[in-house]
Amino acid sequence: MTRGDWVAMPAAPLAVAVAIGIAAAPCTPAGIGGTPWAAAIGGGALALVLGRPGWAVGPLLAGVAAIGALRALPEPLPPGHVAHLELPRTAGVEGRLALEPRRFAPGRSRLLLDVERVDGEPRSGRIQVTVYGDLPPVSHGQRVAADCRLHPAQGFRNPGTFDYAAYLRREGIHVVGTAPAERVVPLDARPPPWNVEVRRRALLATERGLPPASAALLGGLLLGDRTRLPAGTDEAFRRAGVYHVLAVSGFNVAIVAAAALGLLGLARLPRSASALAAIGVVGGFALVVGPEPSVLRAALMAVLVLLALLLDRKAAVLNSLALAALVILAVRPVDLGDPGFQLSFAATLAIVAAPLPRGAVGGALAVSAAAQLGVLPITLVHFNQLSTIGVVANLAVVPLAGAATVIGLGAVGLSFMSDGAAAFAFDAVWPILIALRAIVRVAAGVPGALVHLPAPHWTGVAAYGATLALGLQAWRLRGERPRRARVFALAALLAVAAAVLIAAWPFLGPPSGHLRLTVLDVGQGDAIVVEAPDGRALLIDAGAGGPMRLDAGERVVGPFLWNRGILKLALAITTHEDQDHAGGVPAIRRWFAIDETWSSAAPSAAPRSIGALRVTPLGGPGPPATAAGTAERNDAALVLRLEYGRATFLLASDLGPGGERRLLARGTHLGATVLKVAHHGSRRSSSVEFLRAVRPVAAVISVGARNPYGHPDRETLERLAAAGARIFRTDRDGAVIFETDGRVLTVTRWATGARERFCLDPEEPCEARDRD
């Protein structure tokens with residue numbers, strides 16, 4: 001870019017500097033204060049005094065970056081913050097609703113509460129409360145009281161998966177709670193704010209005017225409300241690569257602004273008055289929709305463009321985009337890491353910067369392709385997703401979504417004045433919504449429409465960004481300076497080759513030659529991933545799933561496998577048919593190729609060798625896996641023994657005392673280096689006799705924090721300790737990772753990064769291997 005380009009958008013380098021500073025904040029040493037900022041500003045001022053304004057740019061931008069880093073540093077919690085309470089505990093909480101309650105499942109709602117009192121004592125802080133049952137009528141800004149069970153915010157802690165607790169902390173939430181709906185009581189009769197009332201009435205109008213599926217879709221298009229969208233429709237929009245139309249962004253705001261300007265123009269208002277009124281309409285629309293990053297970015301950009309119209313100035317789109325980013329990051333620096341913020345700005349930047357051909361079809365294709373190229377690394381990093389059909393699908397989806405948005409806005413607006421007129425408009429938008437859903441389902445049904453891949457390393461993302469920048473510069477110079485353009489084109493080819501190589505390395509790299517077994521943190525359930533020395537992978541159970549449960553297969557196991565470069569499973573085993581073991585299996589079957597499957601009802605008749613790894617199902621026919629009683633189902637669980645060199649693993653699933661006695665009576669060889677403790681450490685499993693036969697060096701318990709069963713039982717822990725086992729627990733340690741070359745075993749607690757080593761070869765101590 002030329003110097004003139006930078007002069008035309010002065011906010012761009014400032015926004016980049018602030019973003020760099022915020023990104024660097026986690027690496028900023030504690031107590032550094034404003035030293036870097038003062039030094040940078042001082043250096044810039046000195047350059048200006050010496051008459052060298054060009055020299056001042058670097059130090060001044062460094063100062064801006066330092067300000068971004070300081071702004072992003074977390075502030076210490078005040079003494080009365082709820083995070084300082086002794087947790088977990090049951091307490092009476094009073095506070096004010098920070099947002100409108102969110103219903104995320106039948107009989108399940110979520111409240112965001114700014115705390116005022118806990119058990120009658122003044123407290124501060126924000127908590128998230130999950131309410132079970134039918135929530136009484138409460139609204140944003142209303143004071144409520146609730147009897148809550150409070151806990152520290154904690155999510156599943158696994159490599160390569162979403163850290164929900166870290167997300168909550170970024171949102172200022174350190175404590176979460178649960179409460180029955182009947183224990184949530186309004187403390188005042190404050191009416192909802194006008195924007196909440198408008199949103200409610202708009203959603204109610206769509207429900208009255210349209211069938212449920214179409215009403216839910218229109219609610220997503222107009223207001224970004226996807227809570228009522230059927231699961232199949234939601235998944236189809238994701239697979240088709242068109243989910244962005246359900247997130248209110250620049251597309252929707254542009255329609256609102258254009259409609260406002262058009263109507264005001266018909267009223268023959270002066271241009272300045274029309275622009276001023278349109279600013280009010282855009283601001284009101286943003287308040288009704290809510291403070292999502294994409295909404296704020298689009299509204300700020302629209303306001304800046306309308307202000308330019310008001311002041312009779314030419315609007316610089318890139319400068320407006322940068323200024324919007326500056327404002328958002330100044331208010332909420334944590335949004336830099338938010339996928340919505342990144343997707344919104346990346347897509348807009350790509351569309352604005354890309355060279356677009358003339359012609360309706362060519363231009364539409366170029367806009368769609370530019371947006372897809374801009375967001376590609378972000379969708380891979382956050383969602384492991386690559387859309388192959390999105391560019392084409394958007395050609396049909398975007399015009400239909402635009403038409404539905406315009407007519408739908410008109411229908412909702414008419415519903416405030418005339419039910420008859422609104423019904424006519426809803427009847428007009430209904431066929432468009434049906435056509436939109438039909439096209440999305442066709443696109444989603446294309447084989448390979450959505451591909452899941454590992455999240456690229458940051459070096460790969462950087463190489464990809466360099467590819468786009470260098471390629472764009474080559475395109476711009478192709479006519480004026482063709483020789484220099486060829487240099488940029490060659491550099492772009494080298495950068496894209498580096499990006500592809502880095503992204504493909506998980507598949508191209510040689511296998512480690514070690515056995516790696518990861519007991520994933522999936523809460524109260526089991527999910528174990530085994531990576532054999534030859535690179536093939538096994539999955540043993542997939543965590544919880546099913547109605548009213550978080551799907552661990554979708555949220556934890558799938559992302560973990562993708563980010564380990566695993567797209568195919570040599571063997572998938574379901575040891576137990578209960579939902580805490582088998583609930584996540586359907587998601588795994590949808591997303592991964594599987595060579596062979598075992599289950600407790602149909603185990604293998606013989607051991608299976610996967611390279612140097614030997615997998616042996618233990619025990620013969622026991623009680624049927626479909627037995628009605630819990631104890632009988634547990635005793636039907638499939639027990640596995642894994643062997644590699646001197647390392648052995650006994651995976652006891654949910655085996656109960658009856659199953660343990662049966663294995664002991666048959667004389668089954670049970671000795672193992674590592675025991676995956678049965679049934680989450682329940683009191684009735686892991687008997688003294690069973691542990692005496694296993695003699696584990698280490699024992700790992702897959703158990704959920706805050707589980708209602710009291711697992712692991714204190715007596716079970718005492719028996720394991722008495723047997724000489726080192727105990728690891730997923731509720732405290734997060735994922736527990738075992739790695740071995742067959743002679744030395746290394747155990748990593750993912751939550752803390754702590755590692756322990758166990759020598760398995762008595763003739764070759766670990767110290768000797770370290771010297772080698």
# chains A, B, ... in the order shown; residues from 1 in each chain; ligands from 1
$ select_by_dssp --residues "region 211-242 of chain A" --states "alpha helix (DSSP H)" --output "VMD selection string"
chain A and resid 212 to 223 231 to 239
$ residues_around --residues "region 208-224 of chain A" --least-positions-apart "4" --cutoff "8 Å" --atoms "only C-alpha atoms" --output "VMD selection string"
chain A and resid 199 203 to 204 228 to 230 245 to 248 252 288 to 289 401 404 to 405 408 to 409 422 to 423 426 to 427 430 433 to 434
$ select_by_dssp --residues "region 537-672 of chain A" --states "strand (DSSP E)" --output "count of residues only"
37
$ residues_around --residues "His581 (chain A)" --least-positions-apart "5" --cutoff "10 Å" --atoms "only C-alpha atoms" --output "NGL selection string"
:A and (522 or 524-527 or 540-545 or 552-553 or 574-576 or 653-654)
$ residues_around --residues "Phe104 (chain A)" --least-positions-apart "6" --cutoff "12 Å" --atoms "only C-alpha atoms" --output "list in words"
Arg110, Leu111, Thr130, Val131, Tyr132, Gly133, Asp225, Arg226, Thr227, Arg228, Leu229, Pro230, Ala231, Met548, Arg549 and Leu550 of chain A
$ write_last_selection --atoms "N, CA and C atoms" --output "PDB file, in the first residue's frame"
ATOM      1  N   ARG A 110     -31.065 -19.719  31.390  1.00  0.00           N
ATOM      2  CA  ARG A 110     -29.800 -19.218  31.919  1.00  0.00           C
ATOM      3  C   ARG A 110     -29.951 -17.737  32.250  1.00  0.00           C
ATOM      4  N   LEU A 111     -29.568 -17.381  33.480  1.00  0.00           N
ATOM      5  CA  LEU A 111     -29.635 -16.007  33.951  1.00  0.00           C
ATOM      6  C   LEU A 111     -28.227 -15.466  34.148  1.00  0.00           C
ATOM      7  N   THR A 130     -27.926 -21.384  36.021  1.00  0.00           N
ATOM      8  CA  THR A 130     -28.754 -22.263  35.197  1.00  0.00           C
ATOM      9  C   THR A 130     -29.982 -22.652  36.004  1.00  0.00           C
ATOM     10  N   VAL A 131     -31.157 -22.380  35.439  1.00  0.00           N
ATOM     11  CA  VAL A 131     -32.419 -22.609  36.131  1.00  0.00           C
ATOM     12  C   VAL A 131     -33.120 -23.804  35.503  1.00  0.00           C
ATOM     13  N   TYR A 132     -33.563 -24.741  36.348  1.00  0.00           N
ATOM     14  CA  TYR A 132     -34.253 -25.940  35.889  1.00  0.00           C
ATOM     15  C   TYR A 132     -35.746 -25.797  36.172  1.00  0.00           C
ATOM     16  N   GLY A 133     -36.549 -25.954  35.134  1.00  0.00           N
ATOM     17  CA  GLY A 133     -37.989 -25.800  35.277  1.00  0.00           C
ATOM     18  C   GLY A 133     -38.466 -24.574  34.525  1.00  0.00           C
ATOM     19  N   ASP A 225     -31.816 -14.591  16.875  1.00  0.00           N
ATOM     20  CA  ASP A 225     -32.317 -15.511  17.903  1.00  0.00           C
ATOM     21  C   ASP A 225     -32.423 -16.914  17.311  1.00  0.00           C
ATOM     22  N   ARG A 226     -31.500 -17.792  17.728  1.00  0.00           N
ATOM     23  CA  ARG A 226     -31.459 -19.148  17.178  1.00  0.00           C
ATOM     24  C   ARG A 226     -31.912 -20.196  18.191  1.00  0.00           C
ATOM     25  N   THR A 227     -32.449 -19.763  19.336  1.00  0.00           N
ATOM     26  CA  THR A 227     -32.793 -20.714  20.399  1.00  0.00           C
ATOM     27  C   THR A 227     -33.953 -21.624  20.003  1.00  0.00           C
ATOM     28  N   ARG A 228     -34.838 -21.139  19.117  1.00  0.00           N
ATOM     29  CA  ARG A 228     -36.003 -21.957  18.736  1.00  0.00           C
ATOM     30  C   ARG A 228     -35.781 -22.732  17.443  1.00  0.00           C
ATOM     31  N   LEU A 229     -34.619 -22.569  16.841  1.00  0.00           N
ATOM     32  CA  LEU A 229     -34.352 -23.204  15.557  1.00  0.00           C
ATOM     33  C   LEU A 229     -34.232 -24.715  15.739  1.00  0.00           C
ATOM     34  N   PRO A 230     -34.936 -25.531  14.964  1.00  0.00           N
ATOM     35  CA  PRO A 230     -34.800 -26.985  15.084  1.00  0.00           C
ATOM     36  C   PRO A 230     -33.358 -27.429  14.879  1.00  0.00           C
ATOM     37  N   ALA A 231     -32.949 -28.451  15.605  1.00  0.00           N
ATOM     38  CA  ALA A 231     -31.553 -28.899  15.556  1.00  0.00           C
ATOM     39  C   ALA A 231     -31.134 -29.266  14.132  1.00  0.00           C
ATOM     40  N   MET A 548     -31.288 -33.544  26.660  1.00  0.00           N
ATOM     41  CA  MET A 548     -31.043 -32.755  27.868  1.00  0.00           C
ATOM     42  C   MET A 548     -29.627 -32.902  28.399  1.00  0.00           C
ATOM     43  N   ARG A 549     -28.716 -33.403  27.590  1.00  0.00           N
ATOM     44  CA  ARG A 549     -27.318 -33.539  28.005  1.00  0.00           C
ATOM     45  C   ARG A 549     -26.415 -32.827  27.013  1.00  0.00           C
ATOM     46  N   LEU A 550     -25.284 -32.325  27.491  1.00  0.00           N
ATOM     47  CA  LEU A 550     -24.264 -31.828  26.586  1.00  0.00           C
ATOM     48  C   LEU A 550     -23.643 -33.018  25.865  1.00  0.00           C
TER      49      LEU A 550
END
$ residues_around --residues "region 669-671 of chain A" --least-positions-apart "2" --cutoff "10 Å" --atoms "only C-alpha atoms" --output "PyMOL selection string"
chain A and resi 618+640-641+648-650+663-664+666-667+673-675+690-696
$ residues_around --residues "His140 (chain A)" --least-positions-apart "2" --cutoff "12 Å" --atoms "only C-alpha atoms" --output "tab-separated table (two decimals) with all heavy atoms, in the first residue's frame"
chain	number	residue	atom	x	y	z
A	95	GLY	N	-29.82	-10.09	43.30
A	95	GLY	CA	-29.09	-9.31	42.30
A	95	GLY	C	-30.00	-8.82	41.21
A	95	GLY	O	-31.22	-9.03	41.24
A	96	ARG	N	-29.40	-8.20	40.22
A	96	ARG	CA	-30.14	-7.62	39.10
A	96	ARG	C	-29.75	-8.32	37.81
A	96	ARG	O	-28.57	-8.57	37.58
A	96	ARG	CB	-29.85	-6.12	39.00
A	96	ARG	CG	-30.79	-5.36	38.08
A	96	ARG	CD	-30.54	-3.86	38.13
A	96	ARG	NE	-30.76	-3.30	39.47
A	96	ARG	CZ	-31.95	-2.94	39.94
A	96	ARG	NH1	-33.03	-3.10	39.18
A	96	ARG	NH2	-32.06	-2.42	41.14
A	97	LEU	N	-30.75	-8.64	36.99
A	97	LEU	CA	-30.49	-9.34	35.73
A	97	LEU	C	-29.75	-8.43	34.77
A	97	LEU	O	-30.23	-7.34	34.42
A	97	LEU	CB	-31.80	-9.81	35.11
A	97	LEU	CG	-32.53	-10.94	35.85
A	97	LEU	CD1	-33.85	-11.25	35.18
A	97	LEU	CD2	-31.67	-12.19	35.90
A	98	ALA	N	-28.57	-8.88	34.33
A	98	ALA	CA	-27.74	-8.07	33.43
A	98	ALA	C	-28.22	-8.17	31.99
A	98	ALA	O	-27.96	-7.27	31.19
A	98	ALA	CB	-26.28	-8.52	33.53
A	99	LEU	N	-28.88	-9.27	31.65
A	99	LEU	CA	-29.41	-9.48	30.30
A	99	LEU	C	-30.75	-10.18	30.41
A	99	LEU	O	-31.13	-10.69	31.48
A	99	LEU	CB	-28.45	-10.33	29.46
A	99	LEU	CG	-27.12	-9.70	29.02
A	99	LEU	CD1	-26.26	-10.74	28.32
A	99	LEU	CD2	-27.35	-8.50	28.11
A	100	GLU	N	-31.45	-10.24	29.30
A	100	GLU	CA	-32.69	-10.99	29.24
A	100	GLU	C	-32.40	-12.47	29.45
A	100	GLU	O	-31.40	-13.01	28.96
A	100	GLU	CB	-33.34	-10.78	27.86
A	100	GLU	CG	-34.74	-11.33	27.73
A	100	GLU	CD	-35.78	-10.52	28.48
A	100	GLU	OE1	-35.42	-9.58	29.22
A	100	GLU	OE2	-36.97	-10.85	28.33
A	101	PRO	N	-33.23	-13.18	30.25
A	101	PRO	CA	-33.01	-14.63	30.43
A	101	PRO	C	-32.97	-15.36	29.08
A	101	PRO	O	-33.70	-15.00	28.15
A	101	PRO	CB	-34.22	-15.08	31.26
A	101	PRO	CG	-34.67	-13.84	31.96
A	101	PRO	CD	-34.38	-12.70	31.02
A	102	ARG	N	-32.11	-16.37	29.01
A	102	ARG	CA	-31.95	-17.12	27.75
A	102	ARG	C	-32.41	-18.55	27.97
A	102	ARG	O	-31.88	-19.27	28.80
A	102	ARG	CB	-30.49	-17.10	27.31
A	102	ARG	CG	-30.23	-17.89	26.04
A	102	ARG	CD	-28.79	-17.74	25.58
A	102	ARG	NE	-28.51	-18.58	24.44
A	102	ARG	CZ	-28.05	-19.84	24.53
A	102	ARG	NH1	-27.79	-20.35	25.72
A	102	ARG	NH2	-27.82	-20.55	23.45
A	111	LEU	N	-29.57	-17.38	33.48
A	111	LEU	CA	-29.63	-16.01	33.95
A	111	LEU	C	-28.23	-15.47	34.15
A	111	LEU	O	-27.34	-16.18	34.64
A	111	LEU	CB	-30.39	-15.92	35.28
A	111	LEU	CG	-31.77	-16.56	35.38
A	111	LEU	CD1	-32.35	-16.35	36.78
A	111	LEU	CD2	-32.71	-15.99	34.34
A	112	LEU	N	-28.05	-14.20	33.80
A	112	LEU	CA	-26.81	-13.50	34.08
A	112	LEU	C	-27.13	-12.47	35.15
A	112	LEU	O	-27.88	-11.52	34.89
A	112	LEU	CB	-26.27	-12.84	32.81
A	112	LEU	CG	-24.76	-12.64	32.71
A	112	LEU	CD1	-24.04	-13.96	32.88
A	112	LEU	CD2	-24.40	-12.00	31.39
A	113	LEU	N	-26.57	-12.66	36.34
A	113	LEU	CA	-27.00	-11.91	37.52
A	113	LEU	C	-25.86	-11.07	38.08
A	113	LEU	O	-24.78	-11.61	38.39
A	113	LEU	CB	-27.49	-12.90	38.58
A	113	LEU	CG	-28.36	-12.36	39.71
A	113	LEU	CD1	-29.67	-11.80	39.16
A	113	LEU	CD2	-28.66	-13.49	40.70
A	114	ASP	N	-26.07	-9.75	38.17
A	114	ASP	CA	-25.13	-8.88	38.87
A	114	ASP	C	-25.47	-8.91	40.35
A	114	ASP	O	-26.52	-8.40	40.78
A	114	ASP	CB	-25.22	-7.46	38.32
A	114	ASP	CG	-24.58	-7.32	36.96
A	114	ASP	OD1	-23.63	-8.08	36.68
A	114	ASP	OD2	-25.02	-6.48	36.15
A	137	PRO	N	-41.94	-15.10	35.07
A	137	PRO	CA	-41.68	-13.95	34.20
A	137	PRO	C	-40.72	-12.95	34.87
A	137	PRO	O	-41.07	-12.29	35.84
A	137	PRO	CB	-43.08	-13.33	34.02
A	137	PRO	CG	-44.04	-14.40	34.37
A	137	PRO	CD	-43.37	-15.24	35.41
A	138	VAL	N	-39.51	-12.85	34.36
A	138	VAL	CA	-38.52	-11.89	34.82
A	138	VAL	C	-37.86	-11.29	33.59
A	138	VAL	O	-37.87	-11.88	32.51
A	138	VAL	CB	-37.45	-12.53	35.74
A	138	VAL	CG1	-38.05	-12.94	37.07
A	138	VAL	CG2	-36.79	-13.72	35.07
A	142	GLN	N	-34.38	-6.37	36.07
A	142	GLN	CA	-35.22	-6.65	37.23
A	142	GLN	C	-34.40	-7.28	38.35
A	142	GLN	O	-33.48	-8.05	38.10
A	142	GLN	CB	-36.35	-7.59	36.81
A	142	GLN	CG	-37.48	-7.72	37.82
A	142	GLN	CD	-38.68	-8.45	37.22
A	142	GLN	OE1	-38.63	-8.90	36.08
A	142	GLN	NE2	-39.73	-8.57	38.00
A	143	ARG	N	-34.73	-6.94	39.59
A	143	ARG	CA	-34.08	-7.55	40.75
A	143	ARG	C	-34.77	-8.87	41.07
A	143	ARG	O	-36.00	-8.96	41.06
A	143	ARG	CB	-34.11	-6.64	41.96
A	143	ARG	CG	-33.27	-5.37	41.82
A	143	ARG	CD	-33.24	-4.57	43.11
A	143	ARG	NE	-32.50	-5.28	44.16
A	143	ARG	CZ	-33.04	-5.77	45.28
A	143	ARG	NH1	-34.33	-5.63	45.50
A	143	ARG	NH2	-32.29	-6.39	46.16
A	144	VAL	N	-33.97	-9.90	41.33
A	144	VAL	CA	-34.50	-11.22	41.65
A	144	VAL	C	-33.72	-11.80	42.83
A	144	VAL	O	-32.60	-11.38	43.13
A	144	VAL	CB	-34.42	-12.19	40.45
A	144	VAL	CG1	-35.22	-11.68	39.27
A	144	VAL	CG2	-32.98	-12.44	40.05
A	186	PRO	N	-39.02	-12.84	41.72
A	186	PRO	CA	-38.82	-11.41	41.41
A	186	PRO	C	-38.94	-10.57	42.68
A	186	PRO	O	-39.81	-10.82	43.52
A	186	PRO	CB	-39.94	-11.11	40.42
A	186	PRO	CG	-40.45	-12.44	39.95
A	186	PRO	CD	-40.21	-13.39	41.06
A	188	ASP	N	-38.96	-7.04	42.41
A	188	ASP	CA	-39.66	-5.80	42.07
A	188	ASP	C	-40.48	-6.05	40.81
A	188	ASP	O	-40.34	-7.07	40.15
A	188	ASP	CB	-38.68	-4.63	41.89
A	188	ASP	CG	-37.65	-4.87	40.79
A	188	ASP	OD1	-37.96	-5.58	39.82
A	188	ASP	OD2	-36.53	-4.34	40.90
A	189	ALA	N	-41.34	-5.11	40.51
A	189	ALA	CA	-42.24	-5.23	39.36
A	189	ALA	C	-41.81	-4.30	38.23
A	189	ALA	O	-42.62	-3.80	37.48
A	189	ALA	CB	-43.66	-4.93	39.78
A	190	ARG	N	-40.51	-4.10	38.12
A	190	ARG	CA	-39.98	-3.19	37.11
A	190	ARG	C	-40.31	-3.69	35.71
A	190	ARG	O	-40.03	-4.85	35.37
A	190	ARG	CB	-38.47	-3.07	37.29
A	190	ARG	CG	-37.78	-2.23	36.25
A	190	ARG	CD	-36.31	-2.09	36.60
A	190	ARG	NE	-35.57	-1.36	35.59
A	190	ARG	CZ	-34.33	-0.94	35.73
A	190	ARG	NH1	-33.69	-1.17	36.85
A	190	ARG	NH2	-33.72	-0.28	34.77
A	191	PRO	N	-40.89	-2.85	34.85
A	191	PRO	CA	-41.18	-3.30	33.48
A	191	PRO	C	-39.89	-3.47	32.70
A	191	PRO	O	-38.87	-2.84	33.00
A	191	PRO	CB	-42.04	-2.15	32.92
A	191	PRO	CG	-41.63	-0.95	33.71
A	191	PRO	CD	-41.31	-1.46	35.09
A	192	PRO	N	-39.91	-4.31	31.69
A	192	PRO	CA	-38.69	-4.50	30.88
A	192	PRO	C	-38.34	-3.24	30.12
A	192	PRO	O	-39.22	-2.44	29.78
A	192	PRO	CB	-39.08	-5.64	29.92
A	192	PRO	CG	-40.56	-5.60	29.86
A	192	PRO	CD	-41.02	-5.13	31.20
A	193	PRO	N	-37.05	-3.03	29.82
A	193	PRO	CA	-36.65	-1.87	29.01
A	193	PRO	C	-37.33	-1.92	27.64
A	193	PRO	O	-37.73	-2.98	27.16
A	193	PRO	CB	-35.13	-2.04	28.88
A	193	PRO	CG	-34.73	-2.95	29.99
A	193	PRO	CD	-35.90	-3.84	30.23
A	194	TRP	N	-37.42	-0.74	27.00
A	194	TRP	CA	-38.15	-0.67	25.74
A	194	TRP	C	-37.58	-1.59	24.69
A	194	TRP	O	-38.34	-2.21	23.91
A	194	TRP	CB	-38.16	0.77	25.23
A	194	TRP	CG	-36.82	1.26	24.76
A	194	TRP	CD1	-35.89	1.93	25.48
A	194	TRP	CD2	-36.26	1.07	23.45
A	194	TRP	NE1	-34.77	2.17	24.72
A	194	TRP	CE2	-34.97	1.67	23.46
A	194	TRP	CE3	-36.70	0.47	22.27
A	194	TRP	CZ2	-34.14	1.67	22.34
A	194	TRP	CZ3	-35.88	0.47	21.16
A	194	TRP	CH2	-34.62	1.07	21.20
A	195	ASN	N	-36.23	-1.73	24.63
A	195	ASN	CA	-35.64	-2.57	23.59
A	195	ASN	C	-35.96	-4.04	23.82
A	195	ASN	O	-36.18	-4.80	22.87
A	195	ASN	CB	-34.13	-2.34	23.50
A	195	ASN	CG	-33.43	-2.58	24.82
A	195	ASN	OD1	-33.95	-2.25	25.88
A	195	ASN	ND2	-32.24	-3.16	24.77
A	196	VAL	N	-36.02	-4.45	25.09
A	196	VAL	CA	-36.39	-5.83	25.40
A	196	VAL	C	-37.85	-6.07	25.04
A	196	VAL	O	-38.20	-7.13	24.48
A	196	VAL	CB	-36.13	-6.13	26.88
A	196	VAL	CG1	-36.69	-7.49	27.27
A	196	VAL	CG2	-34.64	-6.07	27.19
A	197	GLU	N	-38.70	-5.10	25.34
A	197	GLU	CA	-40.12	-5.23	25.02
A	197	GLU	C	-40.32	-5.33	23.51
A	197	GLU	O	-41.13	-6.16	23.03
A	197	GLU	CB	-40.89	-4.05	25.59
A	197	GLU	CG	-42.39	-4.10	25.35
A	197	GLU	CD	-43.06	-5.27	26.04
A	197	GLU	OE1	-42.53	-5.77	27.06
A	197	GLU	OE2	-44.15	-5.69	25.56
A	199	ARG	N	-38.15	-6.43	21.30
A	199	ARG	CA	-37.65	-7.74	20.87
A	199	ARG	C	-38.66	-8.84	21.18
A	199	ARG	O	-38.93	-9.71	20.35
A	199	ARG	CB	-36.32	-8.02	21.56
A	199	ARG	CG	-35.68	-9.35	21.16
A	199	ARG	CD	-34.40	-9.60	21.95
A	199	ARG	NE	-33.82	-10.88	21.64
A	199	ARG	CZ	-32.95	-11.11	20.65
A	199	ARG	NH1	-32.58	-10.10	19.88
A	199	ARG	NH2	-32.48	-12.32	20.43
A	200	ARG	N	-39.23	-8.80	22.38
A	200	ARG	CA	-40.22	-9.81	22.75
A	200	ARG	C	-41.42	-9.77	21.81
A	200	ARG	O	-41.90	-10.81	21.34
A	200	ARG	CB	-40.67	-9.59	24.19
A	200	ARG	CG	-39.68	-9.98	25.25
A	200	ARG	CD	-40.29	-9.74	26.62
A	200	ARG	NE	-39.42	-10.15	27.71
A	200	ARG	CZ	-39.74	-10.02	28.99
A	200	ARG	NH1	-40.90	-9.49	29.33
A	200	ARG	NH2	-38.89	-10.42	29.93
A	290	GLY	N	-29.08	-6.74	20.37
A	290	GLY	CA	-28.20	-7.12	21.48
A	290	GLY	C	-26.75	-6.83	21.17
A	290	GLY	O	-26.38	-6.60	20.01
